[in-house]
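K.L.:
Just passing along the structure, written as structure tokens.
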Amino acid sequence: MRVAFLGLGHMGRPMAVNLHRAGHRVVGFDVADRARDTARAAGLEIADSSLAAVREAHAEVVVTMFQNGAQVVEAYAGADGEEGLCDVAAPGTLFVDCSTIAVDEAQHAHAVATSGGHRALDAPVSGGVVGAEAGTLTFMVGGAASDLEEVRALLETMGRRIVHCGAPGLGQAAKVCNNMILAVSQIAVAEAFVLGESLGLGHAELYEVAAHASGQCWALTVNCPVPGPVPSSPANRDFAPGFAGALMDKDLTLAARAIQDAGISARLGLTAHEMYRRYAEGDGAGRDFSGIIESIRGNAGGYESTDDARGAPR
Ligand code: NAD
């Protein structure tokens, strides 16, 4: 297919390279000089602007992989009366946004594209840079099933699992829900290890029990927050990411926004958001999110028990 690929950062560049290697016609662009240079060195054709990439590729598909929703909407619509991607794309072009953005922002971007005579999918990913390089990402897709079928082969070049989640925005909904589970379970596993330490329980022993019992989860058996039991986990390399605390903080900010919009009760999700906000404001922004265990250990003795907990029978 003929693809304009915009946003060639940590994730976008390897994704675009995989499309190029699979024989698609890819023209890329990134606003950052360094990202353009690195992408060019990786063999990608780079245009002088996003609009030029769409024109030069004669794009049937425009993929975006940006940091946030404001960038996506502005790129689609154009900033301050300037031309946007929707103005220069051929009628009926399929816009596929792979960035992680808020559900309502994804719906807004979809509306901008369709009112410009185009089609749009939200298609955020999980799997990180390793998955982007290996072409093993999971895509969570919102939008028309027929539009997804048109680009399924394209997505399968970059990913292993493609899930149609429903209407526009529901790909992003799946992404925030999944990452909220991940954040809460990573905190729960960390708290369990810290509690075990204070009770004299060894890491290896707790792991051996929980990994084969009902405490089993990804945060324990893949991303174990103590060194030893899972040699490949970030805890064995001083929490070099992995999945950085700043990204988890970002995703939980989107989850908190969705929780507020939906008006539901999600206390653990909001608590996880608060804990990861503090973690990212400290030294956690560039460290793996499993390093939250150090903040939990650091708070030992500083537990502010609620009246309910104080009065609870022992
Ligand atoms: P990144 O900052 O490395 O890359 C984003 C790129 O978009 C930057 O190079 C930036 O210059 C470019 N950009 C921004 N606005 C642009 C515009 N208008 N035109 C062209 N280029 C523009 O970020 P990343 O780590 O590649 O993540 C991209 C998205 O994927 C984010 O939304 C992130 O939350 C999500 N994500 C990241 C990971 C991860 O592990 N890094 C995992 C899953 C999802």
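In the structure tokens, chains take the letters A, B, ... in the order shown, each chain's residues start at 1, and ligands count up from 1 in the order shown.
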Could you report the residues within 9 Å of ligand 1, using only C-alpha atoms and all ligand atoms, as an MDAnalysis selection string?
P.N.:
chainID A and resid 5:13 28:36 49:50 64:72 74:76 98:101 124:132 137 175 241:244 247:248 250:251
K.L.:
Contacts of region 191-196 of chain A at 9 Å or less, counting only C-alpha atoms, minus same-chain residues fewer than 5 places along, as a ChimeraX atom specification?
P.N.:
/A:186,201-203,206-207,225-226,293,296-297,300
K.L.:
May I have the residues from that selection written out with N, CA, C and O atoms, as a PDB file, in the first residue's frame?
P.N.:
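part07.pdb was written with the following content:
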ATOM      1  N   GLN A 186       0.811  -4.055  39.179  1.00  0.00           N
ATOM      2  CA  GLN A 186       2.237  -3.867  39.481  1.00  0.00           C
ATOM      3  C   GLN A 186       2.417  -3.323  40.897  1.00  0.00           C
ATOM      4  O   GLN A 186       3.321  -3.731  41.635  1.00  0.00           O
ATOM      5  N   LEU A 201       9.862 -13.008  54.923  1.00  0.00           N
ATOM      6  CA  LEU A 201       9.640 -13.971  53.835  1.00  0.00           C
ATOM      7  C   LEU A 201      10.592 -13.665  52.675  1.00  0.00           C
ATOM      8  O   LEU A 201      10.678 -12.513  52.232  1.00  0.00           O
ATOM      9  N   GLY A 202      11.315 -14.650  52.180  1.00  0.00           N
ATOM     10  CA  GLY A 202      12.282 -14.452  51.105  1.00  0.00           C
ATOM     11  C   GLY A 202      11.598 -14.178  49.772  1.00  0.00           C
ATOM     12  O   GLY A 202      10.488 -14.652  49.520  1.00  0.00           O
ATOM     13  N   HIS A 203      12.286 -13.420  48.903  1.00  0.00           N
ATOM     14  CA  HIS A 203      11.741 -13.125  47.571  1.00  0.00           C
ATOM     15  C   HIS A 203      11.483 -14.405  46.778  1.00  0.00           C
ATOM     16  O   HIS A 203      10.440 -14.561  46.144  1.00  0.00           O
ATOM     17  N   LEU A 206       8.380 -16.291  48.123  1.00  0.00           N
ATOM     18  CA  LEU A 206       7.101 -15.658  47.767  1.00  0.00           C
ATOM     19  C   LEU A 206       6.825 -15.849  46.277  1.00  0.00           C
ATOM     20  O   LEU A 206       5.697 -16.168  45.873  1.00  0.00           O
ATOM     21  N   TYR A 207       7.887 -15.669  45.459  1.00  0.00           N
ATOM     22  CA  TYR A 207       7.690 -15.835  44.014  1.00  0.00           C
ATOM     23  C   TYR A 207       7.222 -17.251  43.697  1.00  0.00           C
ATOM     24  O   TYR A 207       6.274 -17.449  42.931  1.00  0.00           O
ATOM     25  N   PRO A 225       9.271  -7.166  40.359  1.00  0.00           N
ATOM     26  CA  PRO A 225       9.937  -5.940  40.817  1.00  0.00           C
ATOM     27  C   PRO A 225      11.107  -6.153  41.778  1.00  0.00           C
ATOM     28  O   PRO A 225      11.633  -5.173  42.308  1.00  0.00           O
ATOM     29  N   VAL A 226      11.500  -7.412  42.036  1.00  0.00           N
ATOM     30  CA  VAL A 226      12.706  -7.663  42.833  1.00  0.00           C
ATOM     31  C   VAL A 226      13.670  -8.479  41.978  1.00  0.00           C
ATOM     32  O   VAL A 226      13.238  -9.285  41.152  1.00  0.00           O
ATOM     33  N   ILE A 293       8.282  -0.012  43.478  1.00  0.00           N
ATOM     34  CA  ILE A 293       8.520  -0.754  44.728  1.00  0.00           C
ATOM     35  C   ILE A 293       9.444   0.034  45.658  1.00  0.00           C
ATOM     36  O   ILE A 293       9.320  -0.047  46.881  1.00  0.00           O
ATOM     37  N   ILE A 296       7.474   2.479  47.598  1.00  0.00           N
ATOM     38  CA  ILE A 296       6.653   1.788  48.603  1.00  0.00           C
ATOM     39  C   ILE A 296       7.528   1.417  49.804  1.00  0.00           C
ATOM     40  O   ILE A 296       7.155   1.637  50.952  1.00  0.00           O
ATOM     41  N   ARG A 297       8.741   0.916  49.523  1.00  0.00           N
ATOM     42  CA  ARG A 297       9.686   0.619  50.625  1.00  0.00           C
ATOM     43  C   ARG A 297      10.043   1.891  51.371  1.00  0.00           C
ATOM     44  O   ARG A 297      10.111   1.913  52.599  1.00  0.00           O
ATOM     45  N   ALA A 300       7.867   2.985  54.141  1.00  0.00           N
ATOM     46  CA  ALA A 300       7.654   2.074  55.273  1.00  0.00           C
ATOM     47  C   ALA A 300       7.670   2.866  56.574  1.00  0.00           C
ATOM     48  O   ALA A 300       8.544   3.702  56.791  1.00  0.00           O
TER      49      ALA A 300
END
K.L.:
Which one of A:Ala106, A:Ile292, A:Ala113, A:Met180 sits closest to Cys86 (chain A) if you count only C-alpha atoms?
P.N.:
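Answer, going by the shortest atom-to-atom distance: A:Ala113.
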K.L.:
Residues of region 85-144 of chain A classed as strand (DSSP E or B) by DSSP on the backbone are to be reported as a list in words.
P.N.:
Leu94, Phe95, Val96, Asp97, Arg119, Ala120, Leu121, Asp122, Val125, Ser126, Leu137, Thr138, Phe139, Met140, Val141 and Gly142 of chain A
K.L.:
If you measure from CA of Ala52 (chain A) to CA of Val27 (chain A), what distance in Å do you get, rounded to one decimal?
P.N.:
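Here the two named atoms are 9.0 Å from each other.
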K.L.:
Please provide the set of residues having any atom within 10 Å of Gly135 (chain A), restricted to only C-alpha atoms, with same-chain residues fewer than 4 positions apart removed, written as a ChimeraX atom specification.
P.N.:
/A:14-15,17-19,127,129-131,155-160
K.L.:
Could those selected residues go to a file with all heavy atoms, as a short mmCIF file (atom, residue, chain, number, x, y, z; two decimals), in the first residue's frame?
P.N.:
data_model
loop_
_atom_site.label_atom_id
_atom_site.label_comp_id
_atom_site.auth_asym_id
_atom_site.auth_seq_id
_atom_site.Cartn_x
_atom_site.Cartn_y
_atom_site.Cartn_z
N PRO A 14 10.64 2.21 14.03
CA PRO A 14 10.69 0.76 13.70
C PRO A 14 9.42 0.25 13.03
O PRO A 14 9.49 -0.66 12.19
CB PRO A 14 10.92 0.09 15.06
CG PRO A 14 10.67 1.13 16.10
CD PRO A 14 10.87 2.46 15.46
N MET A 15 8.28 0.84 13.35
CA MET A 15 7.03 0.40 12.70
C MET A 15 7.08 0.75 11.20
O MET A 15 6.74 -0.07 10.34
CB MET A 15 5.82 1.09 13.36
CG MET A 15 5.55 0.60 14.79
SD MET A 15 4.42 1.69 15.70
CE MET A 15 2.87 1.37 14.88
N VAL A 17 9.75 1.25 9.42
CA VAL A 17 10.80 0.43 8.78
C VAL A 17 10.24 -0.95 8.43
O VAL A 17 10.50 -1.49 7.34
CB VAL A 17 12.05 0.33 9.70
CG1 VAL A 17 12.98 -0.77 9.24
CG2 VAL A 17 12.78 1.67 9.77
N ASN A 18 9.44 -1.52 9.33
CA ASN A 18 8.86 -2.84 9.03
C ASN A 18 7.94 -2.79 7.82
O ASN A 18 7.91 -3.72 7.01
CB ASN A 18 8.11 -3.37 10.26
CG ASN A 18 9.08 -3.93 11.30
OD1 ASN A 18 10.19 -4.33 10.96
ND2 ASN A 18 8.67 -3.95 12.56
N LEU A 19 7.17 -1.70 7.70
CA LEU A 19 6.30 -1.55 6.52
C LEU A 19 7.13 -1.44 5.25
O LEU A 19 6.83 -2.07 4.23
CB LEU A 19 5.42 -0.31 6.66
CG LEU A 19 4.32 -0.35 7.72
CD1 LEU A 19 3.55 0.97 7.73
CD2 LEU A 19 3.37 -1.52 7.47
N GLY A 127 3.12 -3.33 23.59
CA GLY A 127 4.25 -4.17 23.19
C GLY A 127 5.57 -3.42 23.24
O GLY A 127 6.63 -4.02 23.17
N VAL A 129 8.83 -0.72 22.55
CA VAL A 129 9.80 -0.57 21.46
C VAL A 129 10.26 -1.95 20.97
O VAL A 129 10.45 -2.16 19.76
CB VAL A 129 11.01 0.27 21.93
CG1 VAL A 129 12.07 0.34 20.86
CG2 VAL A 129 10.54 1.68 22.32
N VAL A 130 10.38 -2.88 21.90
CA VAL A 130 10.80 -4.24 21.52
C VAL A 130 9.78 -4.85 20.54
O VAL A 130 10.14 -5.41 19.50
CB VAL A 130 10.95 -5.13 22.77
CG1 VAL A 130 11.18 -6.59 22.41
CG2 VAL A 130 12.08 -4.61 23.64
N GLY A 131 8.49 -4.68 20.86
CA GLY A 131 7.43 -5.20 19.99
C GLY A 131 7.37 -4.47 18.66
O GLY A 131 7.07 -5.07 17.61
N LEU A 155 -1.38 -3.74 9.27
CA LEU A 155 -1.17 -3.83 10.73
C LEU A 155 -0.47 -5.14 11.09
O LEU A 155 0.35 -5.18 12.01
CB LEU A 155 -2.51 -3.70 11.48
CG LEU A 155 -3.31 -2.40 11.24
CD1 LEU A 155 -4.52 -2.34 12.20
CD2 LEU A 155 -2.45 -1.16 11.42
N GLU A 156 -0.79 -6.20 10.35
CA GLU A 156 -0.15 -7.49 10.64
C GLU A 156 1.34 -7.48 10.32
O GLU A 156 2.09 -8.30 10.84
CB GLU A 156 -0.87 -8.61 9.88
CG GLU A 156 -2.17 -8.99 10.57
CD GLU A 156 -3.05 -9.95 9.77
OE1 GLU A 156 -2.76 -10.18 8.57
OE2 GLU A 156 -4.03 -10.47 10.34
N THR A 157 1.76 -6.54 9.49
CA THR A 157 3.20 -6.39 9.24
C THR A 157 3.89 -5.82 10.48
O THR A 157 5.07 -6.09 10.72
CB THR A 157 3.42 -5.43 8.05
OG1 THR A 157 2.72 -5.96 6.93
CG2 THR A 157 4.87 -5.28 7.71
N MET A 158 3.15 -5.03 11.24
CA MET A 158 3.75 -4.37 12.42
C MET A 158 3.39 -5.08 13.72
O MET A 158 3.96 -4.80 14.77
CB MET A 158 3.27 -2.92 12.49
CG MET A 158 3.64 -2.10 11.26
SD MET A 158 3.10 -0.37 11.39
CE MET A 158 1.36 -0.50 11.00
N GLY A 159 2.38 -5.93 13.67
CA GLY A 159 1.91 -6.54 14.90
C GLY A 159 1.50 -7.98 14.71
O GLY A 159 1.41 -8.49 13.60
N ARG A 160 1.25 -8.62 15.85
CA ARG A 160 0.90 -10.03 15.82
C ARG A 160 -0.57 -10.24 16.12
O ARG A 160 -1.18 -11.22 15.68
CB ARG A 160 1.76 -10.74 16.86
CG ARG A 160 1.68 -12.24 16.83
CD ARG A 160 2.59 -12.85 17.85
NE ARG A 160 3.97 -12.91 17.40
CZ ARG A 160 5.01 -13.10 18.22
NH1 ARG A 160 4.82 -13.18 19.52
NH2 ARG A 160 6.22 -13.18 17.75
#
K.L.:
From a DSSP pass on the backbone, collect the residues of region 93-284 of chain A flagged as helix (DSSP H, G or I) and hand them back as a PyMOL selection string.
P.N.:
chain A and resi 103-115+128-134+145-158+170-198+203-210+218-221+234-237+245-262+267-284
K.L.:
Between CA of His118 (chain A) and CA of Ala77 (chain A), what is the distance, to one decimal in Å?
P.N.:
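Straight-line distance from CA of His118 (chain A) to CA of Ala77 (chain A) works out to 11.9 Å.
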K.L.:
Work out how far apart CA of Phe289 (chain A) and CA of Ala240 (chain A) are and give it in Å to one decimal.
P.N.:
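Separation of CA of Phe289 (chain A) and CA of Ala240 (chain A): 9.4 Å.
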